[in-house]
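Asks: Pasting a structure below so you can have a look.
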Amino acid sequence: MKITKLTTYRVPPRWMLLKIETDEGVVGWGEPVIEGRARTVETAVQELEGYLIGQDPARINDLWQTMYRAGFYRGGAILMSAIAGIDQALWDIKGKVLGKPVYELLGGLVRDRMKMYSWVGGDRPADIIAQIETLRKGGFNCFKMNATEELGMLDTSAKVDEAVQRVAEIREAFGTSIEFGLDFHGRVAAPMAKSLLRELEPFRPLFVEEPVLAEQAEYYPRLAETTSIPLAAGERMYSRFEFKNVFAAGGLSIVQPDLSHAGGITECVKIASMAEAYDITLAPHCPLGPVALASCLHVDFVSYNAVLQEQSMGIHYNKGGELLDYVVNKEDFKIVDGYCNPLTKPGLGVIVDEERVIAASKNAPDWRNPVWRHEDGSVAEW
Ligand SMILES: O=C(O)C(=O)C[C@@H](O)[C@H](O)CO
Ligand SMILES: [Mg+2]
């Protein structure tokens, strides 16, 4: 079998789907994208084609290593997202050829169902209580929200109190009948992280995500010494070679690689396994589309340390397109009592509605996150 064609489709709300065709008619789908840089990743996929056309799609490991190493420069958000989507599609092809779901090719199920969580509160966390009430009725009992709005590198006690008050209201309303993670989203700089964590401690959030920006990872062990709140990070780290330094330094309790940013299934299974050796749990980042989510679930179902899975149904980014809009087998993604079952169809287990993808790609928006500014006019971390 040989790879014959790669076709990318940028589609609403902010995703990109990749179709890889072969000379025997078997097709694989991937989701290479960096939110807000879809065209850049699209070009990166096109630049990687030379390593793929005419090659045997079954040789995933060799194709992955070639894409990673052969161009001399390596790593980073763009290249690793391009490799990620290609890798996902190659696993999809392999599973379809062998008639097995990807998790079977990776050693089989380590659990029967996977715990999912839902976002609430949007970019500027507000009316959280009502949203949690609604989602609880849908079976969710685990949530994530942004902890703050814009926050200066050194900000006021009032801003800290605002963040804490929101969390206090959640615990007041729901007690420990629900769990919730707080995403600092890189908005909190090192000078503020310690005091914010201290004030949040009594409310025992399930985790705090990106307590500081990934480029400040040396603070993770220092912050972990000051709090019992599990610290989580990973969505802005792109390969084993970045994660290894963070694992060795300590401080992280939860690692959140993104299956569409960190080299795909081939790389994230290795990251998950490395994390397990450090007693670090896995909770893949996934605010994206169905192929990304399916890829996450296959890694979750073979990773003992997988504890939580993000999914984008109803997320505040999904304007103009929803998680399952391009999926034919929507029922396979049903969440029951807050859990997802394994995707048992061959490959990734996503039957893509190609007609709808092609139609939607005709007027795909160039999604960009908003540019926030502090009161003094300086740019704020969004
Ligand atoms: O889902 C998360 O945890 C996020 O922090 C969302 C962020 O990654 C946006 O997708 C960036 O555009
Ligand atoms: Mg996040």
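FYI, nothing fancy with the structure tokens labels: chains A, B, ... in order, residues from 1 per chain, ligands from 1 as they appear.
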Mind checking which residues fall within 10 Å of Asp123 of chain A, counting only C-alpha atoms, ignoring those fewer than 3 positions away in the same chain, and posting them as a PyMOL selection string?
Replies: chain A and resi 120+126+145-150+185+315-317+370+382
Asks: Neighbours of ligand 1 at 10 Å or closer, counting only C-alpha atoms and all ligand atoms: which residues, as number ranges by chain?
Replies: A: 14, 34-37, 118-119, 122-123, 144-146, 181-186, 209-210, 232-236, 256, 258, 284-288, 310-312, 315-318, 367-370, 382
Asks: What does the file look like for those residues with C-alpha atoms, as a PDB file, in the first residue's frame?
Replies:
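Wrote out.pdb, looks like this:
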ATOM      1  CA  ARG A  14     -11.272  26.773  14.161  1.00  0.00           C
ATOM      2  CA  ILE A  34      -2.800  24.993  16.258  1.00  0.00           C
ATOM      3  CA  GLU A  35      -5.703  27.191  17.297  1.00  0.00           C
ATOM      4  CA  GLY A  36      -5.289  30.496  15.466  1.00  0.00           C
ATOM      5  CA  ARG A  37      -2.477  29.252  13.201  1.00  0.00           C
ATOM      6  CA  SER A 118     -16.793  19.914  30.502  1.00  0.00           C
ATOM      7  CA  TRP A 119     -15.772  23.551  30.276  1.00  0.00           C
ATOM      8  CA  GLY A 122     -16.015  31.011  28.941  1.00  0.00           C
ATOM      9  CA  ASP A 123     -13.112  33.403  28.519  1.00  0.00           C
ATOM     10  CA  LYS A 144     -13.078  23.213  34.191  1.00  0.00           C
ATOM     11  CA  MET A 145     -13.126  26.977  34.072  1.00  0.00           C
ATOM     12  CA  ASN A 146     -10.774  29.899  33.718  1.00  0.00           C
ATOM     13  CA  GLY A 181     -10.297  22.261  37.696  1.00  0.00           C
ATOM     14  CA  LEU A 182      -9.139  25.857  37.402  1.00  0.00           C
ATOM     15  CA  ASP A 183      -7.243  26.922  34.299  1.00  0.00           C
ATOM     16  CA  PHE A 184      -4.838  29.759  35.043  1.00  0.00           C
ATOM     17  CA  HIS A 185      -4.455  29.704  31.239  1.00  0.00           C
ATOM     18  CA  GLY A 186      -1.055  31.339  31.403  1.00  0.00           C
ATOM     19  CA  GLU A 209      -3.826  24.105  35.063  1.00  0.00           C
ATOM     20  CA  GLU A 210      -0.932  26.075  33.608  1.00  0.00           C
ATOM     21  CA  ALA A 232      -1.416  20.381  35.667  1.00  0.00           C
ATOM     22  CA  ALA A 233       0.229  21.455  32.409  1.00  0.00           C
ATOM     23  CA  GLY A 234       1.101  20.263  28.942  1.00  0.00           C
ATOM     24  CA  GLU A 235      -1.026  21.880  26.240  1.00  0.00           C
ATOM     25  CA  ARG A 236       1.869  24.123  25.225  1.00  0.00           C
ATOM     26  CA  GLN A 256      -1.993  17.373  29.538  1.00  0.00           C
ATOM     27  CA  ASP A 258      -2.611  17.763  23.219  1.00  0.00           C
ATOM     28  CA  PRO A 284      -5.058  14.978  27.470  1.00  0.00           C
ATOM     29  CA  HIS A 285      -5.885  18.558  26.405  1.00  0.00           C
ATOM     30  CA  CYS A 286      -8.627  18.605  23.779  1.00  0.00           C
ATOM     31  CA  PRO A 287     -10.609  21.815  23.059  1.00  0.00           C
ATOM     32  CA  LEU A 288     -10.704  20.755  19.417  1.00  0.00           C
ATOM     33  CA  GLU A 310     -11.299  17.151  28.026  1.00  0.00           C
ATOM     34  CA  GLN A 311     -13.844  17.482  25.202  1.00  0.00           C
ATOM     35  CA  SER A 312     -15.191  20.563  23.460  1.00  0.00           C
ATOM     36  CA  ILE A 315     -16.993  25.057  24.761  1.00  0.00           C
ATOM     37  CA  HIS A 316     -16.901  28.844  24.334  1.00  0.00           C
ATOM     38  CA  TYR A 317     -14.587  28.522  21.324  1.00  0.00           C
ATOM     39  CA  ASN A 318     -17.059  26.495  19.254  1.00  0.00           C
ATOM     40  CA  TRP A 367     -10.128  32.112  13.858  1.00  0.00           C
ATOM     41  CA  ARG A 368      -7.964  34.203  16.138  1.00  0.00           C
ATOM     42  CA  ASN A 369      -8.070  34.523  19.881  1.00  0.00           C
ATOM     43  CA  PRO A 370      -8.848  38.030  21.140  1.00  0.00           C
ATOM     44  CA  TRP A 382      -5.429  35.817  27.080  1.00  0.00           C
TER      45      TRP A 382
END
Asks: DSSP says strand (DSSP E or B) for which residues of segment 182-333 of chain A? Put them as an MDAnalysis selection string?
Replies: chainID A and resid 182:183 207:209 231:233 254:255 258 281:282 285 306 309:310 327
Asks: A:Val357, A:Met313, A:Val208, A:Val302: which is nearest ligand 2, counting only C-alpha atoms and all ligand atoms?
Replies: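 Of the candidates, the smallest distance to ligand 2 is held by A:Val208.
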Asks: Excluding Gln88 of chain A and residues on its chain fewer than 3 positions from it, collect all residues at most 9 Å away from it, counting only C-alpha atoms, and give them as a PyMOL selection string.
Replies: chain A and resi 28-32+83-85+91-93+259-260+263-266+291-292+295+348
Asks: Go through A:Ala224, A:Leu151, A:Cys296, A:Val167 one by one, measure the shortest atom-to-atom distance of each to Val102 of chain A using only C-alpha atoms, and give the residue with the smallest value.
Replies: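 Using only C-alpha atoms, Val102 of chain A sits closest to A:Cys296.
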Asks: Looking at only C-alpha atoms, which of A:Arg39, A:Arg124, A:Arg373, A:Lys94 is the one that sits closest to Asn61 of chain A?
Replies: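 Of all the options, A:Lys94 lies closest to Asn61 of chain A.
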Asks: Given the choices A:Thr227, A:Ser273, A:Thr22, A:Thr43, which gets closest to Asn305 of chain A if the distance is worked out from only C-alpha atoms?
Replies: A:Ser273
Asks: Ranking A:Asp161, A:Glu172, A:Glu225, A:Asp332 by minimum distance to Leu297 of chain A and counting only C-alpha atoms, which one comes first?
Replies: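 Comparing A:Asp161, A:Glu172, A:Glu225, A:Asp332 against Leu297 of chain A, the winner is A:Asp332.
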Asks: Can you pull out every residue within 9 Å of segment 239-245 of chain A, counting only C-alpha atoms, but drop anything in the same chain fewer than 4 positions away, and send it as a PDB file with N, CA and C atoms, in the first residue's frame?
Replies:
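Okay, selection_29.pdb is ready:
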ATOM      1  N   GLY A  75      10.511  20.017  16.393  1.00  0.00           N
ATOM      2  CA  GLY A  75       9.778  20.435  17.598  1.00  0.00           C
ATOM      3  C   GLY A  75       9.002  21.714  17.389  1.00  0.00           C
ATOM      4  N   GLY A  76       8.401  22.177  18.453  1.00  0.00           N
ATOM      5  CA  GLY A  76       7.613  23.412  18.406  1.00  0.00           C
ATOM      6  C   GLY A  76       6.171  23.177  18.007  1.00  0.00           C
ATOM      7  N   MET A  80       5.076  20.140  15.235  1.00  0.00           N
ATOM      8  CA  MET A  80       4.578  18.983  15.980  1.00  0.00           C
ATOM      9  C   MET A  80       3.067  18.819  15.816  1.00  0.00           C
ATOM     10  N   GLY A 234       0.702  21.104  30.057  1.00  0.00           N
ATOM     11  CA  GLY A 234       1.101  20.263  28.942  1.00  0.00           C
ATOM     12  C   GLY A 234       0.600  20.710  27.590  1.00  0.00           C
ATOM     13  N   ALA A 249      12.145  17.447  36.869  1.00  0.00           N
ATOM     14  CA  ALA A 249      12.200  18.539  37.863  1.00  0.00           C
ATOM     15  C   ALA A 249      11.109  18.395  38.920  1.00  0.00           C
ATOM     16  N   GLY A 250      10.027  17.678  38.577  1.00  0.00           N
ATOM     17  CA  GLY A 250       8.936  17.458  39.534  1.00  0.00           C
ATOM     18  C   GLY A 250       7.957  18.627  39.571  1.00  0.00           C
ATOM     19  N   VAL A 255      -0.407  15.595  33.613  1.00  0.00           N
ATOM     20  CA  VAL A 255       0.190  16.072  32.363  1.00  0.00           C
ATOM     21  C   VAL A 255      -0.874  16.072  31.278  1.00  0.00           C
ATOM     22  N   PRO A 257      -0.815  16.598  27.533  1.00  0.00           N
ATOM     23  CA  PRO A 257      -0.394  16.786  26.149  1.00  0.00           C
ATOM     24  C   PRO A 257      -1.620  16.892  25.244  1.00  0.00           C
ATOM     25  N   HIS A 261      -1.232  18.532  18.994  1.00  0.00           N
ATOM     26  CA  HIS A 261      -0.090  19.453  19.067  1.00  0.00           C
ATOM     27  C   HIS A 261       1.212  18.722  19.396  1.00  0.00           C
ATOM     28  N   ALA A 262       1.130  17.619  20.136  1.00  0.00           N
ATOM     29  CA  ALA A 262       2.348  16.965  20.651  1.00  0.00           C
ATOM     30  C   ALA A 262       2.643  15.687  19.873  1.00  0.00           C
ATOM     31  N   GLY A 263       2.678  15.818  18.539  1.00  0.00           N
ATOM     32  CA  GLY A 263       3.195  14.712  17.728  1.00  0.00           C
ATOM     33  C   GLY A 263       2.240  13.563  17.492  1.00  0.00           C
ATOM     34  N   GLU A 267       3.551   9.807  19.640  1.00  0.00           N
ATOM     35  CA  GLU A 267       4.334  10.564  20.645  1.00  0.00           C
ATOM     36  C   GLU A 267       3.620  10.601  21.988  1.00  0.00           C
ATOM     37  N   CYS A 268       2.301  10.777  21.974  1.00  0.00           N
ATOM     38  CA  CYS A 268       1.594  10.964  23.253  1.00  0.00           C
ATOM     39  C   CYS A 268       1.516   9.673  24.055  1.00  0.00           C
ATOM     40  N   LYS A 270       3.943   7.649  24.247  1.00  0.00           N
ATOM     41  CA  LYS A 270       5.269   7.637  24.904  1.00  0.00           C
ATOM     42  C   LYS A 270       5.301   8.634  26.064  1.00  0.00           C
ATOM     43  N   ILE A 271       4.692   9.804  25.880  1.00  0.00           N
ATOM     44  CA  ILE A 271       4.643  10.808  26.952  1.00  0.00           C
ATOM     45  C   ILE A 271       3.844  10.251  28.130  1.00  0.00           C
ATOM     46  N   MET A 274       5.993   7.739  29.956  1.00  0.00           N
ATOM     47  CA  MET A 274       7.037   8.430  30.750  1.00  0.00           C
ATOM     48  C   MET A 274       6.416   9.001  32.019  1.00  0.00           C
ATOM     49  N   ALA A 275       5.243   9.604  31.886  1.00  0.00           N
ATOM     50  CA  ALA A 275       4.574  10.228  33.036  1.00  0.00           C
ATOM     51  C   ALA A 275       4.255   9.177  34.098  1.00  0.00           C
TER      52      ALA A 275
END
Asks: Nearest residue to Gly347 of chain A out of A:Gly54, A:Gly25, A:Gly95, A:Gly121, using only C-alpha atoms?
Replies: A:Gly95
Asks: Identify, on the basis of only C-alpha atoms, every residue whose closest approach to segment 15-17 of chain A does not exceed 6 Å; exclude the query and any residue fewer than 4 positions from it along the same chain; express the result as a compact mmCIF listing (two decimals) with C-alpha atoms, in the first residue's frame.
Replies:
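Result file is out_35.txt:
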# COMPACT_ATOMS: atom_id res chain seq x y z
CA THR A 8 -6.39 19.58 4.25
CA TYR A 9 -9.74 21.16 5.10
CA ARG A 10 -9.84 24.20 7.36
CA VAL A 11 -13.34 24.19 8.84
CA GLY A 30 -6.26 13.43 11.18
CA GLU A 31 -6.67 16.83 12.82
CA VAL A 33 -4.03 22.32 13.90
Asks: Please measure the separation of atom CA of Thr134 of chain A and atom CA of Phe207 of chain A, giving the value in Å to one decimal.
Replies: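 Calculated distance between atom CA of Thr134 of chain A and atom CA of Phe207 of chain A is 22.1 Å.
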